[in-house]
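Coordinates from start06.cif are shown below (mmCIF, C-alpha atoms).
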```cif
data_start
loop_
_atom_site.label_atom_id
_atom_site.label_comp_id
_atom_site.auth_asym_id
_atom_site.auth_seq_id
_atom_site.Cartn_x
_atom_site.Cartn_y
_atom_site.Cartn_z
CA MET A 1 0.00 0.00 0.00
CA ALA A 2 1.37 3.40 -1.02
CA GLU A 3 2.20 5.95 1.63
CA THR A 4 -0.45 8.66 2.00
CA LYS A 5 0.85 12.10 1.07
CA HIS A 6 -0.67 15.22 2.64
CA ILE A 7 -0.40 18.44 0.66
CA ASN A 8 -1.73 21.97 0.33
CA LEU A 9 -2.59 23.51 -3.03
CA ALA A 10 -1.82 27.08 -4.14
CA LEU A 11 -3.86 27.85 -7.26
CA GLN A 12 -2.85 30.83 -9.40
CA GLY A 13 -5.16 33.07 -11.37
CA GLY A 14 -4.81 33.68 -15.08
CA GLY A 15 -8.22 33.83 -16.71
CA ALA A 16 -9.10 30.96 -19.02
CA HIS A 17 -5.58 29.57 -18.56
CA GLY A 18 -6.96 28.27 -15.27
CA ALA A 19 -8.08 25.28 -17.35
CA PHE A 20 -4.48 24.07 -16.97
CA THR A 21 -5.13 23.85 -13.22
CA TRP A 22 -8.31 21.92 -14.00
CA GLY A 23 -6.15 19.27 -15.68
CA VAL A 24 -3.62 19.20 -12.83
CA LEU A 25 -6.37 18.74 -10.24
CA ASP A 26 -8.06 16.08 -12.36
CA ARG A 27 -4.85 14.04 -12.33
CA ILE A 28 -4.09 14.58 -8.63
CA LEU A 29 -7.60 13.45 -7.72
CA GLU A 30 -6.92 10.12 -9.42
CA ASP A 31 -4.25 9.37 -6.81
CA GLU A 32 -6.21 8.08 -3.83
CA ASP A 33 -3.13 8.29 -1.61
CA ILE A 34 -2.82 12.07 -1.93
CA GLU A 35 -4.87 14.01 0.63
CA ILE A 36 -5.50 17.74 0.17
CA ALA A 37 -5.52 19.62 3.48
CA GLY A 38 -5.67 23.27 2.41
CA ILE A 39 -6.35 25.29 -0.74
CA SER A 40 -5.45 28.92 -1.42
CA GLY A 41 -6.80 30.30 -4.68
CA THR A 42 -6.95 33.58 -6.56
CA SER A 43 -9.14 34.52 -9.53
CA ALA A 44 -9.42 31.41 -11.73
CA GLY A 45 -7.70 29.61 -8.85
CA ALA A 46 -10.56 30.71 -6.58
CA LEU A 47 -13.12 29.20 -8.96
CA ASN A 48 -11.09 26.00 -9.24
CA GLY A 49 -10.67 25.84 -5.47
CA ALA A 50 -14.37 26.35 -4.76
CA ALA A 51 -15.40 23.74 -7.34
CA LEU A 52 -12.82 21.29 -5.99
CA LYS A 53 -13.86 21.78 -2.36
CA ALA A 54 -17.61 21.53 -3.02
CA GLY A 55 -17.14 18.45 -5.17
CA LEU A 56 -14.98 16.69 -2.59
CA VAL A 57 -17.51 17.36 0.17
CA SER A 58 -20.52 16.23 -1.86
CA GLY A 59 -19.10 13.32 -3.85
CA GLY A 60 -15.49 12.62 -2.95
CA ARG A 61 -12.84 12.50 -5.67
CA ASP A 62 -15.27 11.63 -8.45
CA GLY A 63 -17.56 14.43 -7.31
CA ALA A 64 -14.69 16.90 -7.41
CA ARG A 65 -13.69 15.87 -10.93
CA GLU A 66 -17.29 16.14 -12.11
CA ASN A 67 -17.66 19.57 -10.52
CA LEU A 68 -14.49 20.84 -12.19
CA ASP A 69 -15.70 19.47 -15.53
CA TRP A 70 -18.98 21.32 -15.02
CA LEU A 71 -17.19 24.58 -14.14
CA TRP A 72 -15.02 24.62 -17.23
CA GLY A 73 -17.89 23.50 -19.42
CA GLN A 74 -19.70 26.61 -18.23
CA VAL A 75 -16.68 28.84 -18.82
CA GLY A 76 -16.28 27.49 -22.37
CA ALA A 77 -19.97 28.01 -23.07
CA GLN A 78 -19.77 31.67 -22.10
CA GLN A 79 -18.02 32.61 -25.32
CA GLN A 80 -18.23 30.38 -28.38
CA THR A 81 -16.11 32.19 -30.94
CA TRP A 82 -15.98 31.74 -34.69
CA LEU A 83 -12.67 29.99 -34.17
CA SER A 84 -14.27 26.96 -32.53
CA ASP A 85 -15.28 25.38 -35.82
CA TRP A 86 -11.83 25.05 -37.36
CA THR A 87 -9.30 24.92 -34.54
CA GLN A 88 -9.09 21.13 -34.30
CA GLY A 89 -5.63 19.92 -35.24
CA ILE A 90 -3.99 23.36 -35.06
CA ASN A 91 -1.37 24.01 -32.40
CA PRO A 92 -2.33 26.29 -29.49
CA GLY A 93 0.14 29.01 -30.48
CA GLN A 94 -1.50 29.42 -33.88
CA VAL A 95 -4.93 29.62 -32.29
CA ALA A 96 -3.67 32.17 -29.77
CA ARG A 97 -2.31 34.37 -32.55
CA ALA A 98 -5.51 34.01 -34.54
CA ILE A 99 -7.55 35.20 -31.56
CA GLU A 100 -5.06 37.96 -30.75
CA TYR A 101 -5.23 39.41 -34.26
CA SER A 102 -8.95 38.84 -34.80
CA PRO A 103 -11.16 41.93 -35.27
CA ALA A 104 -13.31 40.82 -32.32
CA PHE A 105 -10.40 40.77 -29.88
CA ALA A 106 -8.89 43.98 -31.27
CA PHE A 107 -12.20 45.77 -30.78
CA ALA A 108 -12.72 44.36 -27.28
CA ASP A 109 -9.17 45.29 -26.29
CA LEU A 110 -9.52 48.85 -27.58
CA TRP A 111 -12.93 49.19 -25.96
CA SER A 112 -11.55 48.15 -22.55
CA ARG A 113 -8.88 50.85 -22.76
CA VAL A 114 -11.21 53.75 -23.51
CA VAL A 115 -14.49 52.72 -21.84
CA SER A 116 -14.81 52.15 -18.10
CA PRO A 117 -16.89 49.21 -16.86
CA TYR A 118 -18.83 51.87 -14.95
CA SER A 119 -20.01 53.41 -18.23
CA TYR A 120 -22.61 50.69 -18.87
CA GLY A 121 -25.02 51.84 -16.17
CA PRO A 122 -27.97 49.43 -15.79
CA PHE A 123 -26.64 47.34 -18.68
CA TYR A 124 -23.52 46.25 -16.77
CA HIS A 125 -23.22 42.49 -16.39
CA ASN A 126 -20.50 40.17 -15.07
CA PRO A 127 -20.84 36.86 -16.95
CA LEU A 128 -19.04 34.96 -14.19
CA GLU A 129 -21.80 35.78 -11.73
CA GLU A 130 -24.23 33.32 -13.35
CA ILE A 131 -21.68 30.53 -12.90
CA VAL A 132 -20.55 31.35 -9.37
CA GLN A 133 -24.13 31.73 -8.09
CA ARG A 134 -24.67 28.06 -8.95
CA PHE A 135 -21.94 26.86 -6.58
CA ASP A 136 -23.25 24.99 -3.55
CA PHE A 137 -21.90 27.31 -0.85
CA ASP A 138 -23.02 24.99 1.94
CA LYS A 139 -20.36 22.63 0.55
CA VAL A 140 -17.84 25.35 -0.37
CA CYS A 141 -17.93 26.66 3.23
CA ALA A 142 -18.33 23.29 4.94
CA SER A 143 -16.10 22.36 7.87
CA ALA A 144 -15.49 19.00 6.17
CA GLY A 145 -12.88 18.61 3.44
CA PRO A 146 -9.85 20.81 2.82
CA GLU A 147 -9.81 24.36 4.19
CA LEU A 148 -10.33 26.92 1.44
CA PHE A 149 -8.92 30.46 1.25
CA ILE A 150 -9.88 33.00 -1.42
CA CYS A 151 -7.74 36.09 -2.10
CA ALA A 152 -8.84 39.57 -3.26
CA THR A 153 -7.22 43.02 -3.32
CA CYS A 154 -8.71 45.95 -1.42
CA VAL A 155 -8.87 48.90 -3.84
CA ARG A 156 -8.60 51.53 -1.09
CA THR A 157 -5.54 50.13 0.70
CA GLY A 158 -3.96 47.87 -1.92
CA LYS A 159 -3.77 45.15 0.75
CA ILE A 160 -4.80 41.54 0.39
CA ARG A 161 -7.94 40.20 2.02
CA VAL A 162 -8.23 36.47 2.54
CA PHE A 163 -11.77 35.07 2.69
CA ALA A 164 -12.38 31.80 4.52
CA ASN A 165 -15.23 29.72 5.90
CA ASP A 166 -18.60 31.51 5.74
CA ASP A 167 -16.98 34.65 4.32
CA ILE A 168 -16.60 32.81 1.00
CA THR A 169 -19.64 33.96 -0.97
CA THR A 170 -20.52 34.77 -4.57
CA PRO A 171 -19.22 38.36 -4.14
CA ALA A 172 -15.95 37.11 -2.59
CA ILE A 173 -15.19 34.83 -5.55
CA LEU A 174 -16.22 37.52 -8.04
CA ALA A 175 -13.96 39.98 -6.21
CA SER A 176 -11.04 37.55 -6.47
CA ALA A 177 -11.54 37.44 -10.26
CA CYS A 178 -12.34 41.13 -10.79
CA LEU A 179 -10.06 42.57 -13.49
CA PRO A 180 -10.62 46.34 -13.13
CA THR A 181 -10.57 47.07 -16.86
CA MET A 182 -13.38 44.58 -17.44
CA PHE A 183 -15.49 44.51 -14.28
CA GLN A 184 -16.73 46.95 -11.69
CA ALA A 185 -15.12 46.59 -8.28
CA VAL A 186 -17.02 44.23 -5.98
CA GLU A 187 -18.24 45.77 -2.72
CA ILE A 188 -18.11 43.63 0.43
CA ASP A 189 -18.47 44.57 4.10
CA ASP A 190 -15.26 44.30 6.10
CA PRO A 191 -15.88 43.56 9.80
CA ASP A 192 -12.31 44.61 10.66
CA THR A 193 -12.75 48.16 9.33
CA GLY A 194 -16.50 48.46 9.84
CA ARG A 195 -16.94 49.79 6.32
CA THR A 196 -17.85 48.53 2.91
CA GLU A 197 -14.69 48.01 0.86
CA SER A 198 -14.25 47.65 -2.89
CA TYR A 199 -12.18 44.78 -4.21
CA TRP A 200 -10.26 43.93 -7.38
CA ASP A 201 -8.55 40.77 -8.56
CA GLY A 202 -6.53 39.05 -5.85
CA GLY A 203 -3.59 38.58 -8.21
CA TYR A 204 -2.36 42.10 -7.53
CA ALA A 205 -1.69 41.29 -3.86
CA GLY A 206 -1.39 37.50 -3.73
CA ASN A 207 -1.42 35.09 -6.66
CA PRO A 208 -2.16 33.17 -4.58
CA ALA A 209 -1.34 34.00 -0.97
CA LEU A 210 0.72 31.23 0.63
CA PHE A 211 0.68 32.44 4.24
CA PRO A 212 -2.81 31.08 5.05
CA LEU A 213 -1.27 27.61 4.59
CA PHE A 214 1.58 28.16 7.10
CA PRO A 215 -0.17 27.27 10.43
CA GLU A 216 0.84 24.01 12.09
CA ARG A 217 -2.49 22.31 11.36
CA PHE A 218 -1.47 22.12 7.70
CA PRO A 219 1.18 19.83 6.20
CA ALA A 220 4.49 21.41 5.27
CA ASP A 221 4.08 20.80 1.53
CA ILE A 222 2.61 23.52 -0.70
CA VAL A 223 2.13 22.56 -4.35
CA VAL A 224 1.89 25.73 -6.46
CA ILE A 225 -0.01 25.36 -9.74
CA ASN A 226 1.67 28.05 -11.81
CA ILE A 227 -0.09 29.35 -14.93
CA ASN A 228 1.78 32.65 -15.40
CA PRO A 229 5.22 31.95 -16.89
CA ILE A 230 8.07 33.15 -14.70
CA GLU A 231 10.31 33.63 -17.75
CA ARG A 232 9.79 34.62 -21.39
CA GLU A 233 12.85 34.52 -23.61
CA ALA A 234 11.46 36.76 -26.34
CA VAL A 235 11.18 40.49 -25.69
CA PRO A 236 7.54 41.57 -26.20
CA VAL A 237 7.23 44.04 -29.06
CA THR A 238 3.55 44.32 -30.00
CA PRO A 239 1.07 46.20 -27.78
CA HIS A 240 -0.67 42.92 -26.91
CA GLN A 241 2.59 41.17 -26.05
CA ILE A 242 3.75 44.09 -23.88
CA GLN A 243 0.45 44.22 -22.00
CA ASN A 244 0.50 40.46 -21.52
CA ARG A 245 4.01 40.47 -20.05
CA ILE A 246 3.19 43.39 -17.74
CA ASN A 247 0.26 41.35 -16.48
CA GLU A 248 2.40 38.24 -15.95
CA ILE A 249 5.14 40.11 -14.10
CA SER A 250 2.72 41.93 -11.80
CA PHE A 251 0.74 38.75 -11.06
CA ASN A 252 3.92 36.77 -10.30
CA ALA A 253 5.49 39.46 -8.12
CA SER A 254 3.48 38.69 -4.98
CA LEU A 255 4.20 34.97 -5.28
CA LEU A 256 7.92 35.56 -5.74
CA ARG A 257 7.97 37.82 -2.66
CA GLU A 258 6.49 35.04 -0.54
CA LEU A 259 8.90 32.48 -1.97
CA ARG A 260 11.79 34.82 -1.14
CA ALA A 261 10.55 35.06 2.44
CA ILE A 262 10.23 31.26 2.66
CA ALA A 263 13.78 30.83 1.34
CA PHE A 264 15.08 33.33 3.92
CA VAL A 265 13.43 31.42 6.78
CA GLN A 266 14.76 28.13 5.42
CA ARG A 267 18.31 29.53 5.52
CA LEU A 268 17.81 30.61 9.13
CA LEU A 269 16.60 27.12 9.99
CA ASP A 270 19.51 25.50 8.16
CA ASP A 271 22.19 27.51 9.98
CA GLY A 272 20.50 27.16 13.37
CA THR A 273 19.66 30.86 13.77
CA LEU A 274 15.98 29.94 13.96
CA SER A 275 14.71 26.89 15.79
CA THR A 276 12.14 24.53 14.30
CA GLU A 277 10.34 24.88 17.64
CA ARG A 278 9.55 28.46 16.64
CA LYS A 279 8.95 28.03 12.92
CA ASN A 280 7.99 25.09 10.72
CA ARG A 281 9.66 24.35 7.44
CA VAL A 282 7.67 24.94 4.27
CA LEU A 283 8.31 22.48 1.43
CA VAL A 284 7.50 24.10 -1.89
CA HIS A 285 6.70 22.29 -5.14
CA MET A 286 5.50 23.65 -8.47
CA ILE A 287 3.58 22.22 -11.40
CA SER A 288 3.71 24.28 -14.58
CA ASP A 289 4.16 24.20 -18.34
CA ASP A 290 5.99 27.39 -19.26
CA ALA A 291 6.60 26.18 -22.82
CA LEU A 292 2.86 26.03 -23.51
CA MET A 293 2.11 29.26 -21.65
CA ASN A 294 4.77 31.03 -23.71
CA GLU A 295 2.79 30.10 -26.83
CA LEU A 296 -0.38 31.62 -25.42
CA SER A 297 -1.22 35.23 -24.59
CA VAL A 298 -3.62 37.62 -22.92
CA ALA A 299 -6.06 36.89 -25.76
CA THR A 300 -6.48 33.25 -24.73
CA LYS A 301 -6.84 34.32 -21.09
CA LEU A 302 -9.72 36.65 -21.86
CA MET A 303 -11.52 34.85 -24.71
CA PRO A 304 -12.23 31.24 -23.70
CA ASN A 305 -12.05 28.88 -26.64
CA ALA A 306 -13.09 25.22 -26.42
CA PHE A 307 -9.96 24.05 -28.27
CA ILE A 308 -7.59 25.98 -25.98
CA LEU A 309 -9.42 24.88 -22.82
CA ASP A 310 -9.17 21.25 -23.88
CA ARG A 311 -5.45 21.57 -24.69
CA LEU A 312 -4.84 23.30 -21.35
CA LYS A 313 -6.60 20.55 -19.43
CA THR A 314 -4.58 17.90 -21.28
CA ALA A 315 -1.35 19.81 -20.62
CA GLY A 316 -2.25 20.12 -16.94
CA ARG A 317 -2.83 16.38 -16.63
CA THR A 318 0.47 15.68 -18.41
CA ALA A 319 2.40 18.10 -16.19
CA ALA A 320 0.87 16.65 -13.02
CA ASP A 321 1.62 13.13 -14.18
CA ALA A 322 5.26 14.06 -14.82
CA PHE A 323 5.52 15.77 -11.44
CA LEU A 324 4.13 12.76 -9.59
CA ALA A 325 6.40 10.37 -11.49
CA ALA A 326 9.46 12.43 -10.59
CA HIS A 327 8.61 13.77 -7.14
CA ARG A 328 5.81 11.82 -5.48
CA ASP A 329 8.32 10.25 -3.07
CA ASP A 330 9.64 13.73 -2.24
CA LEU A 331 6.27 14.90 -0.91
CA ASN A 332 6.32 15.29 2.89
CA ARG A 333 10.13 14.91 2.80
CA ARG A 334 11.72 17.77 0.84
CA GLY A 335 10.89 20.67 -1.43
CA THR A 336 11.44 20.17 -5.15
CA ILE A 337 12.16 23.66 -6.46
CA ASP A 338 15.26 25.80 -6.00
CA LEU A 339 13.77 28.85 -4.33
CA SER A 340 16.91 30.98 -4.59
CA GLU A 341 17.16 30.32 -8.34
CA MET A 342 13.48 31.13 -8.85
CA TYR A 343 13.45 34.57 -7.23
CA GLY A 344 17.14 35.46 -7.76
#
```
Whole structure, structure tokens version:
Amino acid sequence: MAETKHINLALQGGGAHGAFTWGVLDRILEDEDIEIAGISGTSAGALNGAALKAGLVSGGRDGARENLDWLWGQVGAQQQTWLSDWTQGINPGQVARAIEYSPAFAFADLWSRVVSPYSYGPFYHNPLEEIVQRFDFDKVCASAGPELFICATCVRTGKIRVFANDDITTPAILASACLPTMFQAVEIDDPDTGRTESYWDGGYAGNPALFPLFPERFPADIVVININPIEREAVPVTPHQIQNRINEISFNASLLRELRAIAFVQRLLDDGTLSTERKNRVLVHMISDDALMNELSVATKLMPNAFILDRLKTAGRTAADAFLAAHRDDLNRRGTIDLSEMYG
């Protein structure tokens, strides 16, 4: 009988590229000897985390996989583009470029730069709301199953707010996925300040936040599902490429800051300056596919396409399978990424 591995999941945001995380989770759920203790998610990671948690509580591993399938089926149905009919057999990079240079995307991109989401008045609509409202929040907020944390950014202070337990609601998840050029800020009461605060996408302050997973009740291992490439070899030259890279850098910055802090504490533990009685070790792992993400762009994040979503899920399963083949025995024993190399 295989040894049970206990892990936490850190699920990044990145629009429709969150379908990669769908594939990773689908593969992890197949391994009955991996137990998920905690989940921290931002934006698309918040949707994935909520669907995963509710599915696990209601139907175990199969229920979680079915719930994730449902979620991404809904996301894909939100925007059936003219590309869907002929994309079979074409590589994802070609599809990404076709979307990026399509008149529809060019118009939508220009529109978002000159028209505020507050300009629509009574006609304003967030398409994600119809999906999120259908989550079973009794299951999402249940005491059973892994603990779930959702991250959003307070517009007034620029600080992160982490929602947990009964604070995870439709507005909290919408706030975590609220890109300010596309959606109006989501207003939620803050009991700590006694005022109603406005929130934007959590990626600006924590993509995702790792610190909710540090308490002793959680295992040491945090598996980060990374969907924003850390590195891009080619210098962006087009307006779309430049905007996409700005987005990636800003959304990775908060994660890299936390990894730098973890690496600093690990060094203090290694040289004896800090005792393990005062601070636990954090073992960090990462599942990603930077090669694929380098082929894609902001266009495929913002315009879900059935072909791209399917390829992302497949890539996520493949990446998770490779990670488990190489590092399953390392879980609960050692971290598998070089933190100093990553943030240095």
Can you work out which one of A:Thr193, A:Trp22, A:Ala51, A:Gly14 has the shortest atom-to-atom distance to Arg311 in chain A, counting all atoms listed in the file?
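Closest to Arg311 in chain A of all the choices is A:Trp22.
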Select, from A:Ser340, A:Ser176, A:Thr4, A:Ser58, the residue with the minimum atom-to-atom distance to Ala142 in chain A, counting all atoms listed in the file.
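Between A:Ser340, A:Ser176, A:Thr4, A:Ser58, the residue approaching Ala142 in chain A most closely is A:Ser58.
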Would you write out, as a PyMOL selection string, every residue that the PyMOL selection byres ((chain A and resi 315) around 9) captures in this file?
chain A and resi 20+23-24+289+292+310-314+316-320
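For the structure in this document, the set picked by the PyMOL selection byres ((chain A and resi 336) around 8) is Leu283, Val284, His285, Met286, His327, Asp330, Arg334, Gly335, Ile337 and Asp338 of chain A.
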Between CA of Leu9 in chain A and CA of Val223 in chain A, what is the spacing in Å?
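About the pair CA of Val223 in chain A and CA of Leu9 in chain A: they are 5.0 Å apart.
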Name the residues that the PyMOL selection byres ((chain A and resi 131) around 10) picks from the file above, as a count of residues only, using the file's chain letters and numbers.
17
What's the separation between CA of Phe149 in chain A and CA of Asn165 in chain A, in Å to one decimal place?
7.9 Å
